[in-house]
$ cat upload-v1.cif   # mmCIF, C-alpha atoms
data_structure
#
loop_
_atom_site.label_atom_id
_atom_site.label_comp_id
_atom_site.auth_asym_id
_atom_site.auth_seq_id
_atom_site.Cartn_x
_atom_site.Cartn_y
_atom_site.Cartn_z
CA MET J 1 -1.43 14.88 -7.99
CA SER J 2 -4.75 13.41 -9.00
CA PHE J 3 -5.12 9.77 -9.94
CA ILE J 4 -7.83 8.86 -12.45
CA ASN J 5 -8.53 5.16 -12.67
CA TYR J 6 -10.75 4.39 -15.67
CA SER J 7 -10.78 0.73 -14.76
CA SER J 8 -12.25 1.15 -11.28
CA ARG J 9 -13.90 4.46 -12.23
CA GLU J 10 -12.31 6.43 -9.42
CA ILE J 11 -10.89 9.89 -9.10
CA ASN J 12 -8.46 10.34 -6.24
CA CYS J 13 -7.15 13.69 -5.06
CA LYS J 14 -4.83 14.81 -2.27
CA LEU J 15 -5.55 17.68 0.08
CA VAL J 16 -2.91 18.96 2.48
CA TYR J 17 -3.59 20.93 5.63
CA TYR J 18 -0.65 23.24 6.28
CA GLY J 19 0.07 25.74 9.00
CA PRO J 20 2.07 26.54 12.15
CA GLY J 21 2.39 24.17 15.05
CA LEU J 22 -0.66 23.67 17.26
CA GLY J 23 -2.78 25.71 14.87
CA GLY J 24 -5.52 23.12 14.51
CA LYS J 25 -4.63 21.06 11.44
CA THR J 26 -4.94 17.71 13.21
CA THR J 27 -8.04 18.93 15.05
CA ASN J 28 -9.67 19.66 11.69
CA LEU J 29 -9.08 16.09 10.54
CA GLN J 30 -10.16 14.62 13.86
CA TYR J 31 -13.45 16.52 13.65
CA ILE J 32 -14.02 15.42 10.07
CA PHE J 33 -13.28 11.83 11.09
CA GLU J 34 -15.71 11.94 14.01
CA LYS J 35 -18.55 13.52 12.09
CA THR J 36 -18.28 11.65 8.79
CA ASN J 37 -20.37 8.56 8.14
CA PRO J 38 -18.03 5.56 8.58
CA GLN J 39 -19.12 4.36 5.14
CA ALA J 40 -17.70 7.54 3.66
CA ARG J 41 -14.33 7.49 5.34
CA GLY J 42 -11.48 5.15 6.18
CA LYS J 43 -9.31 4.93 9.27
CA MET J 44 -7.47 8.01 10.41
CA ILE J 45 -3.74 7.46 10.67
CA SER J 46 -1.75 9.75 12.95
CA LEU J 47 2.01 9.49 13.06
CA ALA J 48 2.63 11.52 16.19
CA THR J 49 4.93 11.87 19.17
CA GLU J 50 4.07 10.65 22.65
CA THR J 51 2.77 14.11 23.42
CA GLU J 52 0.44 13.94 20.42
CA ARG J 53 2.34 16.44 18.32
CA THR J 54 2.24 15.42 14.65
CA LEU J 55 5.58 13.82 13.83
CA PHE J 56 5.18 12.97 10.18
CA PHE J 57 1.57 13.26 9.03
CA ASP J 58 -2.06 12.57 9.74
CA PHE J 59 -4.03 10.85 7.03
CA LEU J 60 -7.76 10.51 6.47
CA PRO J 61 -9.34 9.04 3.31
CA LEU J 62 -12.80 10.34 2.41
CA SER J 63 -15.33 9.33 -0.21
CA LEU J 64 -17.40 12.24 -1.36
CA GLY J 65 -19.77 10.42 -3.70
CA THR J 66 -19.88 9.94 -7.43
CA ILE J 67 -19.67 12.41 -10.24
CA ARG J 68 -20.46 11.32 -13.81
CA GLY J 69 -20.06 7.69 -12.76
CA PHE J 70 -16.68 8.21 -11.12
CA ARG J 71 -16.26 7.73 -7.37
CA VAL J 72 -14.59 10.84 -5.97
CA ARG J 73 -12.16 10.20 -3.14
CA PHE J 74 -10.06 12.71 -1.30
CA HIS J 75 -7.02 11.85 0.78
CA LEU J 76 -6.56 14.42 3.53
CA TYR J 77 -3.11 14.93 5.01
CA THR J 78 -1.76 17.27 7.64
CA VAL J 79 1.86 18.29 7.88
CA PRO J 80 3.76 18.58 11.18
CA GLY J 81 3.68 22.24 12.09
CA GLN J 82 6.69 22.52 14.40
CA VAL J 83 9.47 24.47 12.74
CA PHE J 84 12.13 21.77 12.86
CA TYR J 85 10.01 19.28 10.91
CA ASP J 86 10.59 21.25 7.72
CA ALA J 87 11.97 18.32 5.72
CA SER J 88 8.89 16.24 6.50
CA ARG J 89 6.54 19.08 5.57
CA LYS J 90 8.12 19.30 2.16
CA LEU J 91 7.67 15.56 1.59
CA ILE J 92 4.00 15.55 2.58
CA LEU J 93 3.19 18.57 0.42
CA LYS J 94 4.40 16.78 -2.69
CA GLY J 95 1.57 15.73 -5.00
CA ALA J 96 -1.04 17.95 -3.34
CA ASP J 97 -4.03 18.87 -5.48
CA GLY J 98 -5.30 21.40 -2.98
CA VAL J 99 -4.12 23.09 0.22
CA VAL J 100 -5.85 24.37 3.33
CA PHE J 101 -3.77 26.84 5.29
CA VAL J 102 -4.87 26.68 8.93
CA ALA J 103 -3.85 29.91 10.62
CA ASP J 104 -3.76 30.32 14.39
CA SER J 105 -5.79 33.46 15.16
CA GLN J 106 -3.96 34.18 18.43
CA GLU J 107 -2.12 37.52 18.45
CA GLU J 108 1.14 35.97 19.61
CA ARG J 109 1.12 33.51 16.68
CA VAL J 110 1.10 36.13 13.92
CA GLU J 111 4.80 35.67 13.16
CA ALA J 112 4.43 31.89 13.19
CA ASN J 113 1.58 32.12 10.68
CA ILE J 114 3.59 34.34 8.35
CA GLU J 115 6.66 32.10 8.59
CA SER J 116 4.51 29.06 7.87
CA ILE J 117 2.90 30.60 4.80
CA GLU J 118 6.29 31.67 3.45
CA ASN J 119 7.63 28.20 4.16
CA MET J 120 4.69 26.67 2.29
CA VAL J 121 5.27 28.90 -0.74
CA VAL J 122 8.94 27.91 -0.87
CA HIS J 123 8.09 24.21 -0.79
CA LEU J 124 5.35 24.57 -3.37
CA LYS J 125 7.75 26.28 -5.76
CA GLU J 126 10.38 23.60 -5.13
CA HIS J 127 7.80 20.98 -6.13
CA GLY J 128 7.04 22.81 -9.37
CA TYR J 129 3.76 24.39 -8.32
CA ASP J 130 2.70 27.96 -8.97
CA PRO J 131 1.59 29.03 -5.47
CA ASP J 132 -0.82 31.52 -7.01
CA LYS J 133 -2.61 28.81 -8.99
CA ILE J 134 -2.86 25.79 -6.71
CA PRO J 135 -6.36 25.47 -5.25
CA MET J 136 -6.08 26.90 -1.77
CA VAL J 137 -8.30 28.20 1.00
CA ILE J 138 -7.36 29.83 4.27
CA GLN J 139 -8.89 28.98 7.62
CA TYR J 140 -8.55 31.33 10.57
CA ASN J 141 -8.88 28.94 13.49
CA LYS J 142 -9.40 29.58 17.20
CA ARG J 143 -11.79 32.46 16.63
CA ASP J 144 -13.25 31.80 20.08
CA LEU J 145 -10.11 32.74 21.98
CA PRO J 146 -10.01 36.12 23.76
CA ASN J 147 -6.63 36.92 22.23
CA ALA J 148 -7.75 36.26 18.66
CA SER J 149 -6.58 38.95 16.27
CA PRO J 150 -9.21 40.91 14.39
CA MET J 151 -10.15 39.36 11.05
CA GLU J 152 -9.18 42.46 9.04
CA GLU J 153 -5.67 42.27 10.44
CA LEU J 154 -5.34 38.54 9.75
CA ARG J 155 -6.66 38.92 6.20
CA LYS J 156 -4.26 41.77 5.49
CA LEU J 157 -1.28 39.79 6.73
CA LEU J 158 -2.12 36.28 5.58
CA ASN J 159 -4.49 36.67 2.64
CA PRO J 160 -3.49 39.73 0.63
CA LYS J 161 -4.61 38.00 -2.57
CA GLY J 162 -8.15 37.52 -1.31
CA LEU J 163 -8.38 33.73 -1.45
CA ILE J 164 -11.54 32.10 -0.14
CA ASP J 165 -11.27 32.05 3.62
CA PHE J 166 -13.20 30.85 6.62
CA GLU J 167 -13.36 31.57 10.30
CA ALA J 168 -13.25 28.44 12.39
CA ILE J 169 -13.28 26.92 15.83
CA ALA J 170 -11.97 23.47 14.95
CA THR J 171 -12.43 22.04 18.45
CA LYS J 172 -16.17 22.63 18.07
CA GLY J 173 -16.25 21.96 14.34
CA ASP J 174 -17.25 25.47 13.32
CA GLY J 175 -16.01 26.15 9.83
CA VAL J 176 -14.33 22.77 9.43
CA PHE J 177 -16.63 21.24 6.83
CA ASP J 178 -17.15 24.56 5.06
CA THR J 179 -13.38 24.75 4.61
CA LEU J 180 -13.16 21.20 3.34
CA LYS J 181 -16.04 21.54 0.89
CA SER J 182 -14.63 24.76 -0.46
CA VAL J 183 -11.15 23.41 -1.18
CA ALA J 184 -12.58 20.18 -2.61
CA LYS J 185 -14.76 22.20 -4.99
CA LEU J 186 -11.78 24.28 -6.06
CA VAL J 187 -9.80 21.11 -6.78
CA LEU J 188 -12.60 19.59 -8.86
CA GLN J 189 -13.12 22.83 -10.76
CA GLU J 190 -9.41 22.98 -11.47
CA LEU J 191 -9.44 19.40 -12.76
CA LYS J 192 -12.51 20.21 -14.85
CA SER J 193 -10.76 23.12 -16.46
CA GLY J 194 -8.01 20.74 -17.43
CA LYS J 195 -5.07 22.97 -16.45
CA MET A 1 -1.04 23.93 -11.43
CA GLY A 2 1.58 21.29 -10.69
CA PRO A 3 2.88 18.05 -12.20
CA PRO A 4 0.20 16.18 -14.21
CA GLY A 5 -1.74 13.39 -12.53
CA LEU A 6 -1.55 9.65 -13.11
CA VAL A 7 -4.12 8.07 -15.40
CA MET A 8 -4.86 4.35 -15.39
CA TYR A 9 -6.63 2.77 -18.34
CA GLU A 10 -8.45 -0.53 -18.30
CA ASP A 11 -6.04 -2.36 -20.60
CA GLU A 12 -2.98 -1.38 -18.65
CA PHE A 13 -4.75 -2.10 -15.35
CA ASN A 14 -5.51 -5.62 -16.56
CA GLN A 15 -1.90 -6.12 -17.67
CA ILE A 16 -0.67 -4.90 -14.28
CA SER A 17 -3.09 -7.21 -12.47
CA VAL A 18 -1.81 -10.20 -14.43
CA VAL A 19 1.79 -9.33 -13.56
CA LEU A 20 0.96 -8.92 -9.87
CA GLU A 21 -1.00 -12.19 -9.71
CA LYS A 22 1.97 -13.96 -11.26
CA LEU A 23 4.31 -12.36 -8.76
CA VAL A 24 2.20 -13.59 -5.84
CA LYS A 25 2.37 -17.15 -7.19
CA ASP A 26 6.02 -17.12 -8.25
CA SER A 27 7.29 -15.55 -5.04
CA ASN A 28 5.00 -17.58 -2.70
CA SER A 29 4.01 -14.33 -1.09
CA ARG A 30 0.78 -13.48 0.72
CA MET A 31 -0.02 -10.32 -1.14
CA VAL A 32 1.39 -7.73 -3.45
CA PHE A 33 0.47 -4.06 -3.88
CA LEU A 34 1.34 -1.38 -6.35
CA VAL A 35 1.20 2.10 -4.88
CA ASP A 36 1.62 5.51 -6.44
CA LYS A 37 4.36 7.59 -4.83
CA ASN A 38 1.68 9.98 -3.62
CA GLY A 39 0.04 7.26 -1.59
CA GLN A 40 -2.77 6.07 -3.88
CA LEU A 41 -3.29 2.35 -4.25
CA ILE A 42 -3.05 1.37 -7.91
CA ALA A 43 -3.52 -2.40 -7.83
CA ALA A 44 -3.31 -5.37 -5.50
CA ALA A 45 -3.18 -9.17 -5.66
CA GLY A 46 -3.30 -12.00 -3.13
CA GLU A 47 -4.88 -12.25 0.35
CA THR A 48 -5.96 -8.63 0.58
CA GLU A 49 -9.47 -9.03 2.01
CA ASN A 50 -8.73 -8.28 5.65
CA LEU A 51 -6.19 -5.55 5.14
CA ASP A 52 -6.76 -1.78 5.21
CA THR A 53 -5.16 -1.25 1.83
CA THR A 54 -5.82 2.49 1.80
CA SER A 55 -3.80 3.02 4.97
CA LEU A 56 -1.12 0.65 3.75
CA ALA A 57 -0.70 2.62 0.53
CA SER A 58 -0.46 5.94 2.34
CA LEU A 59 2.00 4.68 4.95
CA THR A 60 4.16 2.97 2.33
CA ALA A 61 4.41 6.17 0.34
CA GLY A 62 5.28 8.06 3.51
CA ASN A 63 7.92 5.46 4.30
CA ILE A 64 9.46 5.77 0.84
CA ALA A 65 9.26 9.57 1.01
CA ALA A 66 11.04 9.67 4.35
CA THR A 67 13.67 7.19 3.19
CA GLY A 68 14.16 9.24 0.04
CA GLY A 69 14.80 12.27 2.22
CA LEU A 70 17.40 10.32 4.20
CA ALA A 71 19.05 9.17 0.96
CA LYS A 72 19.43 12.73 -0.27
CA LEU A 73 20.97 13.76 3.04
CA LEU A 74 23.57 11.03 2.60
CA GLY A 75 24.27 11.93 -0.99
CA GLU A 76 22.51 8.86 -2.37
CA LYS A 77 20.07 9.21 -5.24
CA GLU A 78 17.57 7.00 -3.44
CA PHE A 79 17.26 3.82 -1.40
CA SER A 80 15.31 1.85 -3.92
CA ILE A 81 14.75 -1.25 -1.80
CA LEU A 82 13.45 -1.46 1.75
CA PHE A 83 12.99 -4.61 3.77
CA HIS A 84 11.14 -4.87 7.08
CA GLU A 85 11.31 -8.14 8.95
CA GLY A 86 8.48 -9.07 11.28
CA GLU A 87 7.74 -12.02 13.52
CA ARG A 88 5.21 -13.45 11.14
CA ASP A 89 5.11 -11.29 8.04
CA ASN A 90 7.83 -9.44 6.19
CA LEU A 91 7.60 -6.41 3.96
CA HIS A 92 9.65 -5.90 0.81
CA ILE A 93 9.26 -2.49 -0.78
CA ASN A 94 10.93 -1.28 -3.94
CA LEU A 95 10.68 1.67 -6.23
CA ILE A 96 9.88 1.18 -9.88
CA GLY A 97 11.01 4.04 -12.04
CA GLN A 98 10.39 7.26 -10.23
CA ARG A 99 6.68 6.83 -9.96
CA VAL A 100 5.42 3.62 -8.37
CA ILE A 101 6.16 1.47 -5.36
CA LEU A 102 5.88 -2.32 -5.32
CA VAL A 103 5.08 -3.83 -1.93
CA VAL A 104 5.37 -7.56 -1.29
CA ILE A 105 4.14 -9.07 1.98
CA PHE A 106 5.43 -12.57 2.60
CA ASP A 107 5.69 -15.02 5.47
CA ASP A 108 7.76 -18.14 6.09
CA ARG A 109 6.30 -19.80 3.00
CA SER A 110 8.79 -17.73 1.05
CA THR A 111 12.27 -16.27 1.45
CA LEU A 112 13.79 -12.85 0.95
CA GLY A 113 16.01 -14.24 -1.79
CA LEU A 114 13.08 -15.64 -3.77
CA VAL A 115 11.07 -12.44 -3.36
CA ARG A 116 13.99 -10.31 -4.53
CA LEU A 117 14.54 -12.56 -7.53
CA ARG A 118 10.89 -12.47 -8.63
CA VAL A 119 10.52 -8.78 -7.86
CA LYS A 120 13.45 -7.93 -10.10
CA LYS A 121 11.81 -9.52 -13.14
CA CYS A 122 8.38 -8.18 -12.27
CA SER A 123 9.78 -4.65 -11.85
CA GLU A 124 11.08 -4.69 -15.41
CA GLU A 125 7.68 -5.76 -16.76
CA LEU A 126 5.86 -3.16 -14.70
CA GLY A 127 8.35 -0.52 -15.77
CA HIS A 128 7.54 -1.21 -19.42
CA ILE A 129 3.79 -1.07 -18.74
CA PHE A 130 4.11 2.28 -17.01
CA ASP A 131 6.28 3.65 -19.81
CA ARG A 132 3.51 2.72 -22.25
CA LEU A 133 0.94 4.20 -19.90
CA MET A 134 2.74 7.54 -19.73
CA LYS A 135 3.06 7.65 -23.51
CA LYS A 136 -0.61 6.74 -23.92
CA ALA A 137 -1.68 9.46 -21.51
CA GLU A 138 0.48 12.00 -23.36
CA THR A 139 -0.98 10.91 -26.69
CA GLU A 140 -4.54 11.12 -25.39
CA ALA A 141 -3.86 14.58 -24.03
CA ALA A 142 -2.21 15.73 -27.27
CA VAL A 143 -5.08 14.43 -29.37
CA GLY A 144 -7.47 16.20 -27.06
CA THR A 145 -9.29 13.16 -25.76
CA ALA A 146 -11.75 14.43 -23.22
CA SER A 147 -10.99 13.60 -19.62
CA PRO A 148 -13.84 12.49 -17.35
CA PHE A 149 -13.79 16.00 -15.95
CA ALA A 150 -14.63 17.62 -19.25
CA GLU A 151 -18.35 16.82 -19.00
CA ILE A 152 -18.61 17.70 -15.34
CA THR A 153 -20.74 20.74 -14.75
CA ASP A 154 -20.66 23.16 -11.85
CA ASP A 155 -23.99 21.67 -10.74
CA ASP A 156 -22.42 18.21 -10.60
CA ILE A 157 -19.77 19.56 -8.25
CA GLU A 158 -22.35 21.38 -6.12
CA ASN A 159 -24.51 18.24 -5.88
CA LEU A 160 -21.57 16.29 -4.51
CA PHE A 161 -21.64 18.50 -1.43
CA ARG A 162 -25.38 18.82 -1.04
CA GLU A 163 -26.51 17.27 2.22
#
$ encode --input "upload-v1.cif" --output "structure tokens"
Amino acid sequence: MSFINYSSREINCKLVYYGPGLGGKTTNLQYIFEKTNPQARGKMISLATETERTLFFDFLPLSLGTIRGFRVRFHLYTVPGQVFYDASRKLILKGADGVVFVADSQEERVEANIESIENMVVHLKEHGYDPDKIPMVIQYNKRDLPNASPMEELRKLLNPKGLIDFEAIATKGDGVFDTLKSVAKLVLQELKSGK
Amino acid sequence: MGPPGLVMYEDEFNQISVVLEKLVKDSNSRMVFLVDKNGQLIAAAGETENLDTTSLASLTAGNIAATGGLAKLLGEKEFSILFHEGERDNLHINLIGQRVILVVIFDDRSTLGLVRLRVKKCSEELGHIFDRLMKKAETEAAVGTASPFAEITDDDIENLFRE
């Protein structure tokens, strides 16, 4: 849910990275954190277990610049991907202006990807969103792995509606910023259209 | 798309700032924050210079969200007040309406009782301001007042991402 502050001339939006466990959501944010000018970002917060599995959320605030005199800031969140953290995922998704679905390209994670997308749709509807209208892009991560499913197969299963999508190798940063820029643009265009 | 966003106008922001400054003084607290339930910082007062207020806002909202989840599990509507006691500083968090979170950070210059007393009055004032704010935003939307996004062009958006 965007926050427009006329007093401080700021526009704040929330982006949520969703997807199955160990798919690369946190890695996306870590890469963005490492490669973004410190002036343009805040501290990254990670609420995680001792084994570095996301427990509640990761958070990274970014400043993208100004547009018509308004500073544009995006708050990036990841949800915990492990199945039993469902209640937490629902909480973090609330108020999202845009979503990045990070799919794990590995063949053996196909079911997990599908379950995660279905789970996301359920939560979006429960929050009053139309899942077909919320700005969303899909990222197929781990394209470098030998057991990565072919893109056509992944698109057919995970992106039947033809949303903007990107191939990625988040550990190396490939596709990470393209994904972010794309979803941020979609969010701003949506806000511009005033829907 | 989803629920409409929060809009803050200059007049209401100034009114909120006055209320928060007064709360800092009246409660002898170190600092006071107002945070949107989605984790955006709305306003702050007091000794905020050395604090990462962005992280504080996000974590507070997460805290309230998690506690709200617990409340529902227990059949409660919500736990509207949270108190965290530290060695030096203490944190008093309460929900105002269904939309904003008031965070008071105080040390041994104040007491929990005093903070709760002052917060109660302040919450009522802030509640009224936010009611007016919601009505104003609805009126502006109904009248068709252009949002800052209305003038934004596709080129403006593209330029934001140009390296």
$ closest_atom_pairs --input "upload-v1.cif" --of "chain J" --to "chain A" --cutoff "6 Å" --atoms "only C-alpha atoms" --output "tab-separated table"
residue	atom	partner	partner_atom	distance
J:Met1	CA	A:Gly5	CA	4.8
J:Ser2	CA	A:Gly5	CA	4.6
J:Phe3	CA	A:Leu6	CA	4.8
J:Ile4	CA	A:Val7	CA	4.8
J:Asn5	CA	A:Met8	CA	4.6
J:Tyr6	CA	A:Tyr9	CA	5.2
J:Ser7	CA	A:Glu10	CA	4.4
J:Gly95	CA	A:Asn38	CA	5.9
J:Gly128	CA	A:Gly2	CA	5.8
J:Tyr129	CA	A:Gly2	CA	4.5
J:Lys133	CA	A:Met1	CA	5.7
J:Ile134	CA	A:Met1	CA	5.4
J:Lys192	CA	A:Phe149	CA	4.5
$ axis_aligned_box --input "upload-v1.cif" --around "segment 14-28 of chain A" --padding-each-side "8 Å" --output "lines of an AutoDock Vina configuration file"
center_x = 0.9
center_y = -11.2
center_z = -10.2
size_x = 28.8
size_y = 28.7
size_z = 31.0
$ atom_distance --input "upload-v1.cif" --atom1 "atom CA of Asn119 of chain J" --atom2 "atom CA of Ile101 of chain A"
28.4 Å
$ atom_distance --input "upload-v1.cif" --atom1 "atom CA of Asp132 of chain J" --atom2 "atom CA of Ala137 of chain A"
26.4 Å
$ residues_around --input "upload-v1.cif" --residues "Val32 of chain A" --least-positions-apart "6" --cutoff "8 Å" --atoms "all atoms listed in the file" --output "ChimeraX atom specification"
/A:20,23-24,44-46,102-105
$ atom_distance --input "upload-v1.cif" --atom1 "atom CA of Phe177 of chain J" --atom2 "atom CA of Val83 of chain J"
27.0 Å
$ closest_residue --input "upload-v1.cif" --among "J:Glu190, J:Asp58, J:Glu118, J:Glu153" --to "Ile45 of chain J" --atoms "only C-alpha atoms"
J:Asp58
$ closest_residue --input "upload-v1.cif" --among "J:Val137, J:Met120, J:Ile114, J:Ala184" --to "Leu158 of chain J" --atoms "only C-alpha atoms"
J:Ile114
$ closest_residue --input "upload-v1.cif" --among "J:Ile92, J:Thr66, J:Val16, J:Gly23" --to "Ala112 of chain J" --atoms "only C-alpha atoms"
J:Gly23
$ residues_near_point --input "upload-v1.cif" --point "(-4.5, 10.7, 5.3)" --cutoff "6 Å" --atoms "only C-alpha atoms" --output "number ranges by chain"
J: 58-61, 75-77
$ resolve_selection --input "upload-v1.cif" --expression "the PyMOL selection byres ((chain J and resi 53) around 10)" --output "list in words"
Gly21, Leu22, Thr26, Ser46, Leu47, Ala48, Thr49, Glu50, Thr51, Glu52, Thr54, Leu55, Phe56, Phe57, Pro80, Gly81 and Gln82 of chain J
$ resolve_selection --input "upload-v1.cif" --expression "the PyMOL selection byres ((chain J and resi 28-35) around 9)" --output "PyMOL selection string"
chain J and resi 17+24-27+36-38+41-44+58-60+62+76-78+102+170-173+176-177+180
$ residues_around --input "upload-v1.cif" --residues "Asp107 of chain A" --least-positions-apart "2" --cutoff "8 Å" --atoms "only C-alpha atoms" --output "ChimeraX atom specification"
/A:29-30,88-90,105,109-111
$ residues_around --input "upload-v1.cif" --residues "Val72 of chain J" --least-positions-apart "6" --cutoff "9 Å" --atoms "only C-alpha atoms" --output "number ranges by chain"
J: 9-13, 62-66; A: 160
$ resolve_selection --input "upload-v1.cif" --expression "the PyMOL selection byres ((chain J and resi 108) around 12)" --output "list in words"
Gly23, Ala103, Asp104, Ser105, Gln106, Glu107, Arg109, Val110, Glu111, Ala112, Asn113, Ile114, Leu145, Pro146, Asn147, Ala148 and Ser149 of chain J
